[in-house]
$ cat data_0.txt   # compact mmCIF, C-alpha atoms and all ligand atoms
# COMPACT_ATOMS: atom_id res chain seq x y z
CA MET A 1 107.14 123.88 103.09
CA ARG A 2 105.89 125.25 106.40
CA GLN A 3 102.65 127.23 105.93
CA SER A 4 102.47 130.82 107.12
CA THR A 5 100.62 131.14 110.40
CA ALA A 6 100.61 134.96 110.41
CA PHE A 7 96.80 135.03 110.21
CA LEU A 8 96.42 133.01 113.41
CA THR A 9 94.87 134.48 116.50
CA LYS A 10 96.94 133.26 119.43
CA ILE A 11 94.85 130.52 121.03
CA GLU A 12 96.38 129.12 124.21
CA SER A 13 95.96 125.41 124.80
CA LYS A 14 93.57 124.60 127.63
CA MET A 15 93.31 120.92 128.27
CA GLU A 16 90.04 119.36 129.35
CA TYR A 17 89.55 115.83 130.67
CA ARG A 18 86.97 113.19 129.80
CA ASN A 19 85.97 109.85 131.26
CA LEU A 20 87.32 106.91 129.30
CA GLY A 21 83.88 105.54 128.46
CA ARG A 22 82.07 104.24 131.51
CA SER A 23 85.30 103.92 133.49
CA GLY A 24 86.26 106.56 136.00
CA LEU A 25 89.62 107.21 134.34
CA GLN A 26 89.95 110.88 133.39
CA VAL A 27 92.00 111.12 130.21
CA SER A 28 93.10 114.36 128.59
CA GLU A 29 90.91 114.96 125.52
CA LEU A 30 94.15 115.28 123.52
CA SER A 31 96.70 112.54 124.00
CA PHE A 32 99.98 111.77 122.26
CA GLY A 33 101.12 108.75 120.23
CA SER A 34 104.33 107.59 118.61
CA TRP A 35 103.38 105.67 115.43
CA ILE A 36 105.88 106.24 112.55
CA THR A 37 107.55 109.04 114.49
CA PHE A 38 109.42 107.50 117.49
CA GLY A 39 112.26 105.31 116.30
CA THR A 40 111.57 105.91 112.61
CA GLN A 41 111.43 109.66 111.90
CA ILE A 42 112.77 110.89 115.23
CA GLY A 43 115.18 109.83 117.98
CA GLN A 44 115.46 110.21 121.75
CA LYS A 45 116.07 113.97 121.93
CA GLN A 46 113.06 114.89 119.84
CA ALA A 47 110.87 112.29 121.59
CA THR A 48 111.80 113.87 124.91
CA GLU A 49 110.98 117.38 123.70
CA LEU A 50 107.62 116.32 122.28
CA MET A 51 106.50 114.30 125.31
CA THR A 52 107.61 117.05 127.66
CA MET A 53 105.66 119.65 125.71
CA ALA A 54 102.59 117.38 125.73
CA TYR A 55 102.82 116.65 129.47
CA ASP A 56 103.38 120.31 130.31
CA HIS A 57 100.20 121.16 128.38
CA GLY A 58 98.13 118.67 130.37
CA VAL A 59 98.37 115.55 128.18
CA ASN A 60 98.12 112.55 130.51
CA PHE A 61 97.93 109.63 128.09
CA PHE A 62 100.74 108.37 125.87
CA ASP A 63 99.94 105.73 123.26
CA ASN A 64 102.26 103.02 121.97
CA ALA A 65 102.34 99.48 120.52
CA GLU A 66 104.71 96.53 120.31
CA VAL A 67 104.93 96.86 116.53
CA TYR A 68 105.82 100.58 116.40
CA ALA A 69 109.40 100.68 115.10
CA SER A 70 109.68 97.02 116.18
CA GLY A 71 109.61 97.87 119.88
CA GLU A 72 112.02 100.82 119.59
CA SER A 73 109.16 103.30 119.99
CA GLU A 74 108.39 101.84 123.43
CA VAL A 75 112.07 101.95 124.37
CA LEU A 76 112.26 105.67 123.53
CA MET A 77 109.01 106.44 125.34
CA GLY A 78 110.08 104.41 128.37
CA LYS A 79 113.33 106.34 128.63
CA VAL A 80 111.48 109.65 128.58
CA LEU A 81 109.05 108.45 131.28
CA LYS A 82 111.96 107.33 133.45
CA ASP A 83 114.26 110.32 132.87
CA ARG A 84 111.56 112.94 133.36
CA GLY A 85 110.62 111.45 136.71
CA TRP A 86 106.94 112.29 136.31
CA SER A 87 104.90 110.85 139.11
CA ARG A 88 103.53 107.49 137.95
CA ASP A 89 100.05 108.40 139.16
CA SER A 90 99.94 111.46 136.87
CA PHE A 91 99.98 109.77 133.45
CA ALA A 92 98.70 106.71 131.61
CA VAL A 93 100.70 104.73 129.07
CA SER A 94 99.46 102.05 126.69
CA SER A 95 100.69 99.24 124.54
CA LYS A 96 98.95 97.25 121.84
CA ALA A 97 99.58 93.65 120.80
CA TYR A 98 98.53 91.45 117.87
CA PHE A 99 100.92 92.14 115.00
CA GLY A 100 104.00 90.89 116.86
CA ILE A 101 107.11 92.99 117.30
CA LYS A 102 108.30 92.22 113.76
CA GLY A 103 104.92 92.62 112.12
CA LEU A 104 102.50 89.90 111.00
CA LYS A 105 104.62 88.64 108.10
CA ASP A 106 107.92 88.24 109.94
CA SER A 107 106.71 87.13 113.38
CA LYS A 108 106.62 83.40 114.16
CA PRO A 109 103.21 81.78 114.76
CA MET A 110 103.35 82.14 118.55
CA GLN A 111 104.69 85.69 118.38
CA LYS A 112 101.44 87.32 117.20
CA GLY A 113 97.67 87.24 117.59
CA ASN A 114 95.33 87.60 120.56
CA THR A 115 96.23 84.27 122.17
CA ARG A 116 96.95 83.80 125.89
CA LYS A 117 100.57 83.11 124.95
CA HIS A 118 101.15 86.20 122.82
CA LEU A 119 99.15 88.72 124.85
CA THR A 120 100.95 87.62 128.02
CA GLU A 121 104.40 87.72 126.41
CA ALA A 122 103.68 91.04 124.68
CA CYS A 123 102.53 92.56 127.95
CA HIS A 124 105.70 91.45 129.76
CA GLN A 125 107.91 92.75 126.96
CA ALA A 126 106.09 96.11 126.80
CA LEU A 127 106.50 96.54 130.57
CA GLU A 128 110.22 96.00 130.16
CA ARG A 129 110.64 98.34 127.19
CA LEU A 130 108.50 101.06 128.75
CA GLN A 131 110.19 100.57 132.16
CA VAL A 132 106.89 100.62 134.05
CA ASP A 133 105.33 98.17 136.53
CA TYR A 134 101.94 98.14 134.82
CA LEU A 135 100.29 99.31 131.58
CA ASP A 136 97.34 101.60 132.11
CA LEU A 137 95.71 100.59 128.85
CA PHE A 138 96.39 97.43 126.87
CA PHE A 139 94.78 96.88 123.48
CA CYS A 140 94.24 93.97 121.10
CA HIS A 141 95.55 95.88 118.09
CA ARG A 142 93.25 94.03 115.66
CA PRO A 143 90.64 91.26 115.92
CA ASP A 144 92.10 87.75 115.66
CA LYS A 145 89.79 85.37 113.83
CA LYS A 146 91.98 82.35 114.71
CA THR A 147 91.71 82.74 118.49
CA PRO A 148 88.49 82.04 120.41
CA ILE A 149 87.18 85.23 121.96
CA GLU A 150 86.88 83.40 125.33
CA GLU A 151 90.68 82.93 125.39
CA THR A 152 91.31 86.63 124.72
CA VAL A 153 88.80 87.89 127.29
CA TRP A 154 90.06 85.51 130.02
CA THR A 155 93.67 86.53 129.30
CA MET A 156 92.95 90.25 129.53
CA HIS A 157 90.90 89.75 132.68
CA ASN A 158 93.71 87.76 134.27
CA LEU A 159 96.32 90.40 133.34
CA ILE A 160 94.13 92.93 135.16
CA GLN A 161 93.83 90.60 138.18
CA GLN A 162 97.61 90.21 138.19
CA GLY A 163 98.03 94.02 138.29
CA LYS A 164 99.93 94.06 135.01
CA ILE A 165 97.32 96.14 133.18
CA LEU A 166 94.51 98.36 134.42
CA TYR A 167 92.08 98.60 131.49
CA TRP A 168 91.90 96.54 128.31
CA GLY A 169 90.50 97.45 124.95
CA THR A 170 90.37 96.76 121.25
CA SER A 171 91.52 98.52 118.11
CA GLU A 172 89.68 98.43 114.79
CA TRP A 173 87.27 95.77 116.00
CA SER A 174 83.69 95.81 114.72
CA ALA A 175 80.80 96.60 117.06
CA GLN A 176 79.78 92.96 116.83
CA GLU A 177 83.24 91.72 117.86
CA ILE A 178 83.29 94.12 120.80
CA MET A 179 79.85 92.91 121.88
CA GLU A 180 80.95 89.28 121.66
CA ALA A 181 83.78 90.10 124.08
CA HIS A 182 81.28 91.76 126.41
CA MET A 183 78.94 88.75 126.22
CA VAL A 184 81.75 86.40 127.24
CA ALA A 185 82.79 88.78 130.01
CA ARG A 186 79.25 89.03 131.33
CA GLN A 187 78.63 85.27 131.26
CA ASN A 188 81.83 84.60 133.22
CA HIS A 189 81.84 87.66 135.50
CA LEU A 190 85.01 88.97 133.85
CA ILE A 191 86.08 92.50 132.99
CA GLY A 192 85.17 93.37 129.40
CA PRO A 193 86.85 95.87 127.08
CA THR A 194 86.64 99.48 128.30
CA MET A 195 87.76 101.24 125.14
CA GLU A 196 88.20 100.87 121.39
CA GLN A 197 90.85 102.61 119.29
CA PRO A 198 89.36 103.43 115.87
CA GLN A 199 90.46 105.87 113.20
CA TYR A 200 88.41 109.08 113.36
CA ASN A 201 88.83 112.26 111.39
CA MET A 202 86.93 114.45 108.92
CA LEU A 203 87.51 111.87 106.17
CA VAL A 204 86.84 108.63 108.10
CA ARG A 205 83.64 108.74 110.17
CA GLU A 206 81.49 105.62 109.83
CA LYS A 207 82.63 103.52 112.81
CA VAL A 208 82.69 106.27 115.40
CA GLU A 209 79.56 108.08 114.26
CA VAL A 210 77.32 105.17 113.23
CA GLU A 211 78.59 101.67 113.90
CA PHE A 212 79.36 102.23 117.58
CA SER A 213 76.43 104.58 118.26
CA GLN A 214 74.48 102.00 120.30
CA ILE A 215 77.36 100.56 122.28
CA TYR A 216 78.40 103.91 123.72
CA LYS A 217 75.14 103.63 125.62
CA THR A 218 74.80 99.88 126.24
CA VAL A 219 78.33 98.94 127.37
CA GLY A 220 79.66 102.47 127.88
CA LEU A 221 82.39 102.15 125.25
CA GLY A 222 85.19 104.69 125.46
CA THR A 223 87.31 105.65 122.44
CA THR A 224 90.94 106.66 121.97
CA THR A 225 90.72 107.81 118.35
CA TRP A 226 93.67 107.85 115.93
CA SER A 227 94.93 109.92 112.99
CA PRO A 228 92.91 113.09 113.64
CA LEU A 229 94.76 114.68 110.70
CA ALA A 230 94.55 111.64 108.38
CA SER A 231 98.35 111.35 108.58
CA GLY A 232 98.75 115.05 107.75
CA VAL A 233 96.42 115.31 104.72
CA LEU A 234 94.06 117.46 106.80
CA THR A 235 96.80 120.04 107.39
CA GLY A 236 96.69 121.01 103.70
CA LYS A 237 100.43 120.44 103.31
CA TYR A 238 99.94 117.78 100.65
CA ASN A 239 97.57 119.89 98.55
CA ASP A 240 100.13 121.11 96.01
CA THR A 241 103.08 118.81 96.47
CA THR A 242 104.34 116.09 98.82
CA PRO A 243 106.87 117.72 101.18
CA GLU A 244 110.19 115.91 101.26
CA ASP A 245 110.38 115.41 105.03
CA ALA A 246 106.75 114.36 105.45
CA ARG A 247 105.34 110.97 106.46
CA LEU A 248 103.62 110.22 103.18
CA ASN A 249 106.94 110.55 101.38
CA LEU A 250 108.44 107.58 103.26
CA SER A 251 108.95 104.74 100.78
CA GLU A 252 107.67 102.08 103.22
CA LEU A 253 104.40 104.01 103.54
CA LYS A 254 103.48 104.06 99.85
CA TRP A 255 100.32 102.08 100.69
CA LEU A 256 99.24 104.86 103.05
CA ALA A 257 100.09 107.58 100.55
CA ASP A 258 98.07 105.79 97.86
CA LYS A 259 95.09 105.68 100.20
CA ASN A 260 95.30 109.24 101.53
CA LEU A 261 96.62 111.41 98.70
CA GLN A 262 93.42 111.95 96.74
CA GLN A 263 92.36 115.01 94.74
CA GLU A 264 88.88 114.81 96.31
CA TYR A 265 90.45 115.28 99.75
CA PHE A 266 92.68 118.15 98.59
CA ASP A 267 89.63 120.01 97.20
CA LYS A 268 87.80 119.67 100.51
CA VAL A 269 90.85 120.70 102.51
CA SER A 270 91.26 123.86 100.39
CA LYS A 271 87.71 124.95 101.18
CA LEU A 272 88.06 124.00 104.84
CA THR A 273 91.29 125.99 105.10
CA GLU A 274 89.45 129.16 104.02
CA LEU A 275 86.86 128.56 106.72
CA ALA A 276 89.56 127.95 109.34
CA GLN A 277 91.26 131.20 108.41
CA GLU A 278 87.96 133.09 108.79
CA LEU A 279 87.79 131.65 112.32
CA GLY A 280 91.38 132.72 113.06
CA MET A 281 92.70 129.20 113.40
CA SER A 282 94.84 126.91 111.27
CA MET A 283 93.50 123.97 109.31
CA PRO A 284 95.10 121.32 111.58
CA VAL A 285 93.69 123.01 114.66
CA MET A 286 90.19 123.09 113.14
CA ALA A 287 90.40 119.45 112.03
CA ILE A 288 91.48 118.25 115.47
CA ALA A 289 88.95 120.47 117.26
CA TRP A 290 86.23 118.99 115.01
CA THR A 291 86.96 115.49 116.36
CA LEU A 292 86.65 116.82 119.92
CA LYS A 293 83.14 118.11 119.18
CA ASN A 294 82.04 114.46 119.17
CA PRO A 295 81.24 113.60 122.83
CA ASN A 296 81.91 109.91 122.14
CA VAL A 297 85.59 110.67 121.57
CA SER A 298 87.20 110.14 124.96
CA THR A 299 90.60 111.26 123.70
CA ALA A 300 91.98 112.09 120.26
CA ILE A 301 95.54 110.83 119.93
CA LEU A 302 97.83 113.43 118.33
CA GLY A 303 100.90 112.58 116.30
CA ALA A 304 103.76 114.98 115.57
CA SER A 305 107.30 114.71 114.27
CA LYS A 306 108.17 118.33 115.05
CA THR A 307 107.62 120.47 118.14
CA HIS A 308 105.98 123.34 116.23
CA GLN A 309 103.33 120.87 115.01
CA LEU A 310 102.49 119.69 118.50
CA GLU A 311 102.46 123.23 119.84
CA GLU A 312 99.95 124.14 117.14
CA ASN A 313 97.80 121.02 117.55
CA LEU A 314 97.45 121.46 121.30
CA MET A 315 95.49 124.66 120.61
CA ALA A 316 92.59 122.49 119.43
CA SER A 317 91.30 122.06 122.98
CA ARG A 318 90.44 125.70 123.31
CA ALA A 319 89.62 126.20 119.62
CA LYS A 320 86.79 123.65 119.78
CA HIS A 321 84.64 126.26 121.55
CA LYS A 322 84.70 128.34 118.36
CA LEU A 323 83.11 125.50 116.40
CA ASN A 324 79.47 126.37 117.09
CA GLN A 325 76.54 124.80 115.25
CA GLU A 326 76.73 127.31 112.40
CA VAL A 327 80.41 126.49 111.83
CA MET A 328 79.78 122.74 112.15
CA ASP A 329 77.04 123.05 109.50
CA LYS A 330 79.44 124.87 107.17
CA ILE A 331 82.03 122.12 107.69
CA GLU A 332 79.40 119.47 106.98
CA ALA A 333 78.42 121.23 103.75
CA ILE A 334 82.04 121.11 102.58
CA LEU A 335 82.70 117.53 103.67
CA GLU A 336 79.49 116.06 102.20
CA ASN A 337 80.31 112.71 103.84
CA LYS A 338 78.03 112.52 106.87
CA PRO A 339 77.41 108.80 107.40
CA GLU A 340 73.77 107.71 107.35
CA HIS A 341 72.26 106.15 110.47
CA PRO A 342 70.14 103.05 109.76
CA PRO A 343 66.40 103.89 109.83
CA PHE A 344 65.65 102.18 113.18
P1 LIG B 1 97.76 112.39 112.60
O1 LIG B 1 96.72 112.00 111.63
O2 LIG B 1 97.49 113.62 113.38
O3 LIG B 1 99.13 112.53 111.81
C1 LIG B 1 100.27 112.98 112.47
C2 LIG B 1 101.31 113.45 111.47
O4 LIG B 1 100.80 114.56 110.70
C3 LIG B 1 102.55 113.96 112.15
O5 LIG B 1 103.43 112.93 112.51
C4 LIG B 1 103.10 114.93 111.11
O6 LIG B 1 103.73 114.17 110.11
C5 LIG B 1 101.82 115.56 110.56
N1 LIG B 1 101.40 116.73 111.32
C6 LIG B 1 100.87 116.75 112.57
N2 LIG B 1 100.57 117.99 112.94
C7 LIG B 1 100.92 118.79 111.92
C8 LIG B 1 100.86 120.20 111.73
N3 LIG B 1 100.34 120.99 112.67
N4 LIG B 1 101.30 120.70 110.55
C9 LIG B 1 101.80 119.89 109.60
N5 LIG B 1 101.89 118.56 109.73
C10 LIG B 1 101.45 118.00 110.88
O7 LIG B 1 98.00 111.26 113.68
P2 LIG B 1 98.75 109.84 113.55
O8 LIG B 1 98.41 109.18 112.28
O9 LIG B 1 100.18 110.05 113.91
O10 LIG B 1 98.02 109.05 114.72
C11 LIG B 1 98.15 109.49 116.07
C12 LIG B 1 98.40 108.30 116.97
O11 LIG B 1 97.30 107.39 116.89
C13 LIG B 1 99.62 107.43 116.62
O12 LIG B 1 100.82 107.97 117.08
C14 LIG B 1 99.27 106.15 117.33
O13 LIG B 1 99.55 106.27 118.71
C15 LIG B 1 97.77 106.06 117.11
N6 LIG B 1 97.45 105.22 115.93
C16 LIG B 1 96.82 104.03 116.17
C17 LIG B 1 96.51 103.17 115.16
C18 LIG B 1 95.82 101.88 115.45
O14 LIG B 1 95.71 101.02 114.56
N7 LIG B 1 95.35 101.67 116.65
C19 LIG B 1 96.87 103.48 113.76
C20 LIG B 1 97.50 104.77 113.59
C21 LIG B 1 97.75 105.59 114.66
P3 LIG B 1 105.03 114.65 109.27
O15 LIG B 1 106.15 113.85 109.76
O16 LIG B 1 104.66 114.35 107.87
O17 LIG B 1 105.27 116.11 109.46

$ encode --input "data_0.txt" --output "structure tokens"
Amino acid sequence: MRQSTAFLTKIESKMEYRNLGRSGLQVSELSFGSWITFGTQIGQKQATELMTMAYDHGVNFFDNAEVYASGESEVLMGKVLKDRGWSRDSFAVSSKAYFGIKGLKDSKPMQKGNTRKHLTEACHQALERLQVDYLDLFFCHRPDKKTPIEETVWTMHNLIQQGKILYWGTSEWSAQEIMEAHMVARQNHLIGPTMEQPQYNMLVREKVEVEFSQIYKTVGLGTTTWSPLASGVLTGKYNDTTPEDARLNLSELKWLADKNLQQEYFDKVSKLTELAQELGMSMPVMAIAWTLKNPNVSTAILGASKTHQLEENLMASRAKHKLNQEVMDKIEAILENKPEHPPF
């Protein structure tokens, strides 16, 4: 059931822009992605409404991947980009490869992984589905232990040289794997990964806050962080019951529901919701704004299946200014999950 928002102070969205790591690319601190939504929960009309709302509020980065709805998500996004006629120099669009369009289990051996063959094919196919001449960001969606890192780095470098992609990055790689890619790049005078796409939200913090803490400085790593609402758990809507039309009710996502629907999280979200209400903002807005307080987040990728959700979430840009140190300390006291930095 939709929660009452009567207590909310009207906070207009006010987008701010951040460098994508050490690159000069200015990405909107809130971006918009299509996982589970485009091609699964929603169709073309709703995708158009959501992307238009995002773009009109200053979002300039749209995230996608080959495996999202088996390529259909890129088809829907590509149609919006084409039909809206937005100037190509005003937005960035990404794709991610590794899983293969059919997923790891159903893709043939050459149709997945971070090999020269698959990354090149996946790039060409994403360009076609998205109806663009180049991808702004192209990610290795996961590390590939079967492919030498030299092959992956050379391939990404060459795709940049060919003008097919502008920046390359990783997703859910470890700091060590990212550094190995940088070592290879440095030794061969190639372009290394600019950005990593890790999960980051109030419930999942370790990688962004601790593991990568050195490489923000050394290699200037940028981050495009995912699931700022932990798939919706941080909205509070799962606290009492699982809403029928919600993501974690989808039968194919039982694994995600099992991971995210935990009493411990509900208890924290209840307390956080009270704090958010004291601040005159909703729980989702506070949770997203909290991720933006971390300066190492270049952009937090929003997800939404309904326009009222996106409209609400976009308020996080301005709401983050209300999260002063006192509020952040109160949040920390409720979360009790601050990851420890190693003692050196
Ligand atoms: P969130 O954690 O923010 O979850 C988004 C979902 O939460 C929505 O689809 C909606 O689901 C619900 N929701 C959002 N806002 C509200 C609201 N205000 N009130 C109530 N419910 C709300 O983000 P995602 O998990 O979608 O991740 C964002 C993007 O990150 C993805 O689209 C993708 O681009 C990227 N990503 C990357 C991954 C990677 O491995 N690199 C993995 C996962 C995501 P509902 O339909 O239930 O209403």

$ residues_around --input "data_0.txt" --residues "Phe138 of chain A" --least-positions-apart "3" --cutoff "8 Å" --atoms "all atoms listed in the file" --output "MDAnalysis selection string"
chainID A and resid 94:97 123 135 165:169

$ closest_residue --input "data_0.txt" --among "A:Lys322, A:Lys102, A:His308, A:Lys164" --to "ligand LIG 1 (chain B)" --atoms "only C-alpha atoms and all ligand atoms"
A:His308

$ residues_around --input "data_0.txt" --residues "segment 291-305 of chain A" --least-positions-apart "3" --cutoff "6 Å" --atoms "all atoms listed in the file" --output "PDB file with C-alpha atoms, in the coordinates of the input"
ATOM      1  CA  ARG A  18      86.970 113.190 129.800  1.00  0.00           C
ATOM      2  CA  LEU A  20      87.320 106.910 129.300  1.00  0.00           C
ATOM      3  CA  GLU A  29      90.910 114.960 125.520  1.00  0.00           C
ATOM      4  CA  LEU A  30      94.150 115.280 123.520  1.00  0.00           C
ATOM      5  CA  SER A  31      96.700 112.540 124.000  1.00  0.00           C
ATOM      6  CA  PHE A  32      99.980 111.770 122.260  1.00  0.00           C
ATOM      7  CA  GLY A  33     101.120 108.750 120.230  1.00  0.00           C
ATOM      8  CA  THR A  37     107.550 109.040 114.490  1.00  0.00           C
ATOM      9  CA  GLY A 222      85.190 104.690 125.460  1.00  0.00           C
ATOM     10  CA  THR A 223      87.310 105.650 122.440  1.00  0.00           C
ATOM     11  CA  THR A 224      90.940 106.660 121.970  1.00  0.00           C
ATOM     12  CA  THR A 225      90.720 107.810 118.350  1.00  0.00           C
ATOM     13  CA  TRP A 226      93.670 107.850 115.930  1.00  0.00           C
ATOM     14  CA  ILE A 288      91.480 118.250 115.470  1.00  0.00           C
ATOM     15  CA  GLN A 309     103.330 120.870 115.010  1.00  0.00           C
ATOM     16  CA  LEU A 310     102.490 119.690 118.500  1.00  0.00           C
TER      17      LEU A 310
END

$ closest_residue --input "data_0.txt" --among "A:Met283, A:His57, A:Val153, A:Ala276" --to "Val327 of chain A" --atoms "all atoms listed in the file"
A:Ala276

$ atom_distance --input "data_0.txt" --atom1 "atom CA of Asp240 of chain A" --atom2 "atom CA of Phe266 of chain A"
8.4 Å

$ atom_distance --input "data_0.txt" --atom1 "atom CA of Lys320 of chain A" --atom2 "atom N6 of ligand LIG 1 (chain B)"
21.6 Å

$ residues_near_ligand --input "data_0.txt" --ligand "ligand LIG 1 (chain B)" --cutoff "8 Å" --atoms "all atoms listed in the file" --output "compact mmCIF listing (two decimals) with C-alpha atoms, in the frame of the given file"
# COMPACT_ATOMS: atom_id res chain seq x y z
CA ARG A 2 105.89 125.25 106.40
CA PHE A 32 99.98 111.77 122.26
CA GLY A 33 101.12 108.75 120.23
CA SER A 34 104.33 107.59 118.61
CA TRP A 35 103.38 105.67 115.43
CA ILE A 36 105.88 106.24 112.55
CA THR A 37 107.55 109.04 114.49
CA GLN A 41 111.43 109.66 111.90
CA PHE A 62 100.74 108.37 125.87
CA ASP A 63 99.94 105.73 123.26
CA ASN A 64 102.26 103.02 121.97
CA ALA A 65 102.34 99.48 120.52
CA LYS A 96 98.95 97.25 121.84
CA HIS A 141 95.55 95.88 118.09
CA ARG A 142 93.25 94.03 115.66
CA SER A 171 91.52 98.52 118.11
CA GLU A 172 89.68 98.43 114.79
CA GLN A 197 90.85 102.61 119.29
CA PRO A 198 89.36 103.43 115.87
CA GLN A 199 90.46 105.87 113.20
CA ASN A 201 88.83 112.26 111.39
CA THR A 225 90.72 107.81 118.35
CA TRP A 226 93.67 107.85 115.93
CA SER A 227 94.93 109.92 112.99
CA PRO A 228 92.91 113.09 113.64
CA LEU A 229 94.76 114.68 110.70
CA ALA A 230 94.55 111.64 108.38
CA SER A 231 98.35 111.35 108.58
CA GLY A 232 98.75 115.05 107.75
CA VAL A 233 96.42 115.31 104.72
CA LEU A 234 94.06 117.46 106.80
CA THR A 235 96.80 120.04 107.39
CA GLY A 236 96.69 121.01 103.70
CA LYS A 237 100.43 120.44 103.31
CA PRO A 243 106.87 117.72 101.18
CA ASP A 245 110.38 115.41 105.03
CA ALA A 246 106.75 114.36 105.45
CA ARG A 247 105.34 110.97 106.46
CA LEU A 248 103.62 110.22 103.18
CA ASN A 249 106.94 110.55 101.38
CA PRO A 284 95.10 121.32 111.58
CA VAL A 285 93.69 123.01 114.66
CA ILE A 288 91.48 118.25 115.47
CA ALA A 300 91.98 112.09 120.26
CA ILE A 301 95.54 110.83 119.93
CA LEU A 302 97.83 113.43 118.33
CA GLY A 303 100.90 112.58 116.30
CA ALA A 304 103.76 114.98 115.57
CA SER A 305 107.30 114.71 114.27
CA LYS A 306 108.17 118.33 115.05
CA HIS A 308 105.98 123.34 116.23
CA GLN A 309 103.33 120.87 115.01
CA LEU A 310 102.49 119.69 118.50
CA GLU A 311 102.46 123.23 119.84
CA GLU A 312 99.95 124.14 117.14
CA ASN A 313 97.80 121.02 117.55

$ atom_distance --input "data_0.txt" --atom1 "atom CA of Val67 of chain A" --atom2 "atom CA of Gln111 of chain A"
11.3 Å

$ closest_residue --input "data_0.txt" --among "A:Asn114, A:Ser73, A:Gln263, A:Ser251" --to "Leu130 of chain A" --atoms "only C-alpha atoms"
A:Ser73

$ closest_residue --input "data_0.txt" --among "A:Phe99, A:Tyr17, A:Trp173, A:Tyr265" --to "Asn239 of chain A" --atoms "all atoms listed in the file"
A:Tyr265

$ closest_residue --input "data_0.txt" --among "A:Lys79, A:Ser87, A:Asp329, A:Lys254" --to "Lys45 of chain A" --atoms "all atoms listed in the file"
A:Lys79

$ closest_residue --input "data_0.txt" --among "A:Ala92, A:Ala54, A:Leu25, A:Ile42" --to "Leu76 of chain A" --atoms "all atoms listed in the file"
A:Ile42

$ decode --input "data_0.txt" --residues "segment 158-168 of chain A" --atoms "N, CA, C and O atoms" --output "compact mmCIF listing (two decimals), in the first residue's frame"
# COMPACT_ATOMS: atom_id res chain seq x y z
N ASN A 158 41.04 -0.85 -26.64
CA ASN A 158 40.83 -0.78 -28.10
C ASN A 158 39.43 -0.28 -28.45
O ASN A 158 39.26 0.45 -29.42
N LEU A 159 38.42 -0.67 -27.65
CA LEU A 159 37.06 -0.17 -27.93
C LEU A 159 37.03 1.35 -27.76
O LEU A 159 36.33 2.06 -28.50
N ILE A 160 37.80 1.85 -26.80
CA ILE A 160 37.88 3.32 -26.64
C ILE A 160 38.57 3.92 -27.87
O ILE A 160 38.09 4.90 -28.45
N GLN A 161 39.69 3.32 -28.28
CA GLN A 161 40.42 3.84 -29.45
C GLN A 161 39.54 3.83 -30.70
O GLN A 161 39.66 4.70 -31.56
N GLN A 162 38.66 2.84 -30.78
CA GLN A 162 37.78 2.74 -31.96
C GLN A 162 36.58 3.70 -31.88
O GLN A 162 35.75 3.74 -32.79
N GLY A 163 36.46 4.41 -30.75
CA GLY A 163 35.35 5.35 -30.59
C GLY A 163 34.02 4.69 -30.28
O GLY A 163 32.96 5.33 -30.35
N LYS A 164 34.07 3.40 -29.90
CA LYS A 164 32.80 2.72 -29.61
C LYS A 164 32.37 2.91 -28.16
O LYS A 164 31.19 2.76 -27.83
N ILE A 165 33.32 3.17 -27.28
CA ILE A 165 33.00 3.49 -25.88
C ILE A 165 33.90 4.66 -25.46
O ILE A 165 34.95 4.88 -26.07
N LEU A 166 33.46 5.38 -24.42
CA LEU A 166 34.28 6.51 -23.98
C LEU A 166 35.05 6.21 -22.69
O LEU A 166 36.19 6.61 -22.54
N TYR A 167 34.39 5.56 -21.75
CA TYR A 167 35.02 5.20 -20.47
C TYR A 167 34.68 3.75 -20.18
O TYR A 167 33.58 3.30 -20.47
N TRP A 168 35.63 3.01 -19.58
CA TRP A 168 35.27 1.65 -19.20
C TRP A 168 35.43 1.48 -17.69
O TRP A 168 36.18 2.21 -17.03
